[in-house]
Amino acid sequence: MDCVFCGIANGTVPARLLHEGERVLAFADLNPQAPTHILIIPRAHYASIQDVPAAEFGIIGELTAVAQDLARARGIWPAGYRLVVNAGPDGGQTVGHLHVHLLAGRQMTWPPG
Ligand code: 5GP
Ligand code: ZN
């Protein structure tokens with residue numbers, strides 16, 4: 001399967017890794033949209049959050065736990081951050097492997113683009 005995030009997960013595509021867990025990986029976004037822009041992904045391939053079966057929702061908790069740990073360890077909290085999961089064409093998803101964006105280091109705006 002030709003998936004760039006699977007490539008990062010299996011080490012064939014280089015990335016600036018920030019967390020390497022058994023089931024979850026975090027790395028710096030190639031095109032950062034904030035002073036801190038980290039992508040948190042499951043090592044397992046899910047095409048989007050819509051493709052995670054209810055029986056496997058535990059992985060979503062694990063992605064959240066890594067976001068909390070990174071926010072704590074990198075001093076992002078309590079200033080704050082934004083987690084974003086784009087899904088499908090209207091959601092603006094461009095890479096078809098589930099990922100959570102952790103954005104921080106500036107005031108976020110609302111509504112999002
Ligand atoms: P999406 O638009 O799917 O929610 O987000 C995809 C994100 O992946 C974008 O922010 C984009 O900059 C990032 N990205 C795409 N290809 C690569 C890559 O090869 N390496 C890294 N580190 N980030 C990537
Ligand atoms: Zn993948």
# chains A, B, ... in the order shown; residues from 1 in each chain; ligands from 1

call {"tool": "residues_near_ligand", "arguments": {"ligand": "ligand 2", "cutoff": "6 Å", "atoms": "only C-alpha atoms and all ligand atoms", "output": "list in words"}}
result
Cys3, Phe5, Cys6, His45 and His97 of chain A

call {"tool": "residues_around", "arguments": {"residues": "segment 19-28 of chain A", "least_positions_apart": "4", "cutoff": "12 Å", "atoms": "only C-alpha atoms", "output": "PyMOL selection string"}}
result
chain A and resi 5-11+13-15+32-45+58-67+69-70+73-74+98-103

call {"tool": "write_last_selection", "arguments": {"atoms": "C-alpha atoms", "output": "short mmCIF file (atom, residue, chain, number, x, y, z; two decimals), in the first residue's frame"}}
result
data_model
loop_
_atom_site.label_atom_id
_atom_site.label_comp_id
_atom_site.auth_asym_id
_atom_site.auth_seq_id
_atom_site.Cartn_x
_atom_site.Cartn_y
_atom_site.Cartn_z
CA PHE A 5 2.30 7.77 7.04
CA CYS A 6 2.66 3.98 6.93
CA GLY A 7 6.10 4.75 5.45
CA ILE A 8 6.90 6.95 8.45
CA ALA A 9 5.56 4.26 10.80
CA ASN A 10 7.78 1.57 9.27
CA GLY A 11 10.84 3.80 8.97
CA VAL A 13 10.01 7.66 5.06
CA PRO A 14 12.05 10.04 7.21
CA ALA A 15 10.33 12.23 9.80
CA PRO A 32 3.68 23.62 10.04
CA GLN A 33 0.63 25.85 10.51
CA ALA A 34 1.63 26.98 14.02
CA PRO A 35 4.88 27.24 16.05
CA THR A 36 4.08 23.72 17.27
CA HIS A 37 2.45 21.44 14.71
CA ILE A 38 2.65 17.75 15.53
CA LEU A 39 0.90 14.83 13.86
CA ILE A 40 -0.17 11.92 16.06
CA ILE A 41 -0.96 8.70 14.22
CA PRO A 42 -1.76 5.07 14.92
CA ARG A 43 0.87 2.72 13.50
CA ALA A 44 -2.04 0.72 12.09
CA HIS A 45 -3.54 2.07 8.91
CA GLY A 58 -9.31 2.41 22.20
CA ILE A 59 -6.80 3.70 19.67
CA ILE A 60 -8.52 7.10 19.69
CA GLY A 61 -7.98 7.27 23.44
CA GLU A 62 -4.32 6.38 22.90
CA LEU A 63 -3.92 9.21 20.37
CA THR A 64 -5.48 11.58 22.92
CA ALA A 65 -3.17 10.33 25.67
CA VAL A 66 -0.13 11.08 23.51
CA ALA A 67 -1.50 14.57 22.80
CA ASP A 69 1.67 13.84 27.22
CA LEU A 70 3.20 16.04 24.50
CA ALA A 73 6.15 17.57 28.32
CA ARG A 74 6.57 20.47 25.90
CA LEU A 98 -5.83 8.73 10.38
CA HIS A 99 -3.93 11.52 12.11
CA VAL A 100 -4.57 14.07 14.83
CA HIS A 101 -3.04 17.52 14.40
CA LEU A 102 -1.71 19.07 17.62
CA LEU A 103 -1.41 22.81 17.03
#

call {"tool": "residues_near_ligand", "arguments": {"ligand": "ligand 1", "cutoff": "6 Å", "atoms": "only C-alpha atoms and all ligand atoms", "output": "list in words"}}
result
Val4, Ala15, Ala28, Asp29, Leu30, Asn31, Asn86, Gly92, Gln93, Thr94 and Val95 of chain A

call {"tool": "closest_residue", "arguments": {"among": "A:Val52, A:Met1, A:Ala47, A:Met108", "to": "Leu83 of chain A", "atoms": "only C-alpha atoms"}}
result
A:Met108

call {"tool": "closest_residue", "arguments": {"among": "A:Ile49, A:Glu56, A:Gly75, A:Tyr81", "to": "Gly96 of chain A", "atoms": "only C-alpha atoms"}}
result
A:Ile49

call {"tool": "atom_distance", "arguments": {"atom1": "atom CA of Gln68 of chain A", "atom2": "atom CA of Pro53 of chain A"}}
result
23.2 Å

call {"tool": "select_by_dssp", "arguments": {"residues": "chain A", "states": "alpha helix (DSSP H)", "output": "list of chain:residue names"}}
result
A:Val4, A:Phe5, A:Cys6, A:Gly7, A:Ile8, A:Ala9, A:Gly58, A:Ile59, A:Ile60, A:Gly61, A:Glu62, A:Leu63, A:Thr64, A:Ala65, A:Val66, A:Ala67, A:Gln68, A:Asp69, A:Leu70, A:Ala71, A:Arg72, A:Ala73, A:Gly88, A:Pro89, A:Asp90, A:Gly91

call {"tool": "decode", "arguments": {"residues": "segment 88-111 of chain A", "atoms": "N, CA and C atoms", "output": "CSV table (one decimal), in the first residue's frame"}}
result
chain,number,residue,atom,x,y,z
A,88,GLY,N,-12.2,13.1,5.3
A,88,GLY,CA,-12.8,13.2,4.0
A,88,GLY,C,-12.6,14.5,3.2
A,89,PRO,N,-13.1,14.6,2.0
A,89,PRO,CA,-12.8,15.7,1.1
A,89,PRO,C,-13.3,17.0,1.7
A,90,ASP,N,-14.5,17.1,2.2
A,90,ASP,CA,-15.0,18.4,2.8
A,90,ASP,C,-14.3,18.7,4.1
A,91,GLY,N,-13.8,17.7,4.8
A,91,GLY,CA,-13.1,17.9,6.0
A,91,GLY,C,-11.7,18.4,5.8
A,92,GLY,N,-11.3,18.4,4.5
A,92,GLY,CA,-9.9,18.9,4.2
A,92,GLY,C,-8.8,17.9,4.4
A,93,GLN,N,-9.2,16.6,4.5
A,93,GLN,CA,-8.2,15.5,4.7
A,93,GLN,C,-7.4,15.3,3.4
A,94,THR,N,-6.0,15.4,3.5
A,94,THR,CA,-5.2,15.2,2.3
A,94,THR,C,-4.4,13.9,2.4
A,95,VAL,N,-4.1,13.4,3.6
A,95,VAL,CA,-3.4,12.2,3.7
A,95,VAL,C,-4.4,11.1,4.3
A,96,GLY,N,-4.5,10.0,3.5
A,96,GLY,CA,-5.5,9.0,3.9
A,96,GLY,C,-5.0,8.0,4.9
A,97,HIS,N,-4.5,8.5,6.0
A,97,HIS,CA,-4.1,7.6,7.2
A,97,HIS,C,-4.5,8.5,8.4
A,98,LEU,N,-5.3,8.0,9.2
A,98,LEU,CA,-5.8,8.7,10.4
A,98,LEU,C,-4.7,9.5,11.1
A,99,HIS,N,-4.9,10.7,11.3
A,99,HIS,CA,-3.9,11.5,12.1
A,99,HIS,C,-4.6,12.6,12.9
A,100,VAL,N,-4.1,13.0,14.0
A,100,VAL,CA,-4.6,14.1,14.8
A,100,VAL,C,-3.5,15.2,14.7
A,101,HIS,N,-3.9,16.4,14.4
A,101,HIS,CA,-3.0,17.5,14.4
A,101,HIS,C,-3.0,18.1,15.8
A,102,LEU,N,-1.9,18.3,16.4
A,102,LEU,CA,-1.7,19.1,17.6
A,102,LEU,C,-1.1,20.4,17.3
A,103,LEU,N,-1.9,21.5,17.4
A,103,LEU,CA,-1.4,22.8,17.0
A,103,LEU,C,-1.3,23.6,18.3
A,104,ALA,N,-0.2,24.4,18.4
A,104,ALA,CA,0.0,25.2,19.6
A,104,ALA,C,1.0,26.3,19.3
A,105,GLY,N,1.1,27.2,20.3
A,105,GLY,CA,2.1,28.2,20.2
A,105,GLY,C,1.7,29.6,19.7
A,106,ARG,N,0.4,29.6,19.3
A,106,ARG,CA,-0.2,30.9,18.9
A,106,ARG,C,-1.7,30.9,19.3
A,107,GLN,N,-2.3,32.1,19.3
A,107,GLN,CA,-3.8,32.1,19.5
A,107,GLN,C,-4.5,31.5,18.3
A,108,MET,N,-5.3,30.5,18.5
A,108,MET,CA,-6.1,29.9,17.4
A,108,MET,C,-7.3,30.8,17.1
A,109,THR,N,-7.8,30.8,15.9
A,109,THR,CA,-9.0,31.6,15.6
A,109,THR,C,-10.2,30.7,15.4
A,110,TRP,N,-11.3,31.3,15.4
A,110,TRP,CA,-12.6,30.5,15.2
A,110,TRP,C,-13.5,31.4,14.4
A,111,PRO,N,-14.2,31.0,13.4
A,111,PRO,CA,-14.3,29.6,12.9
A,111,PRO,C,-13.0,29.2,12.2
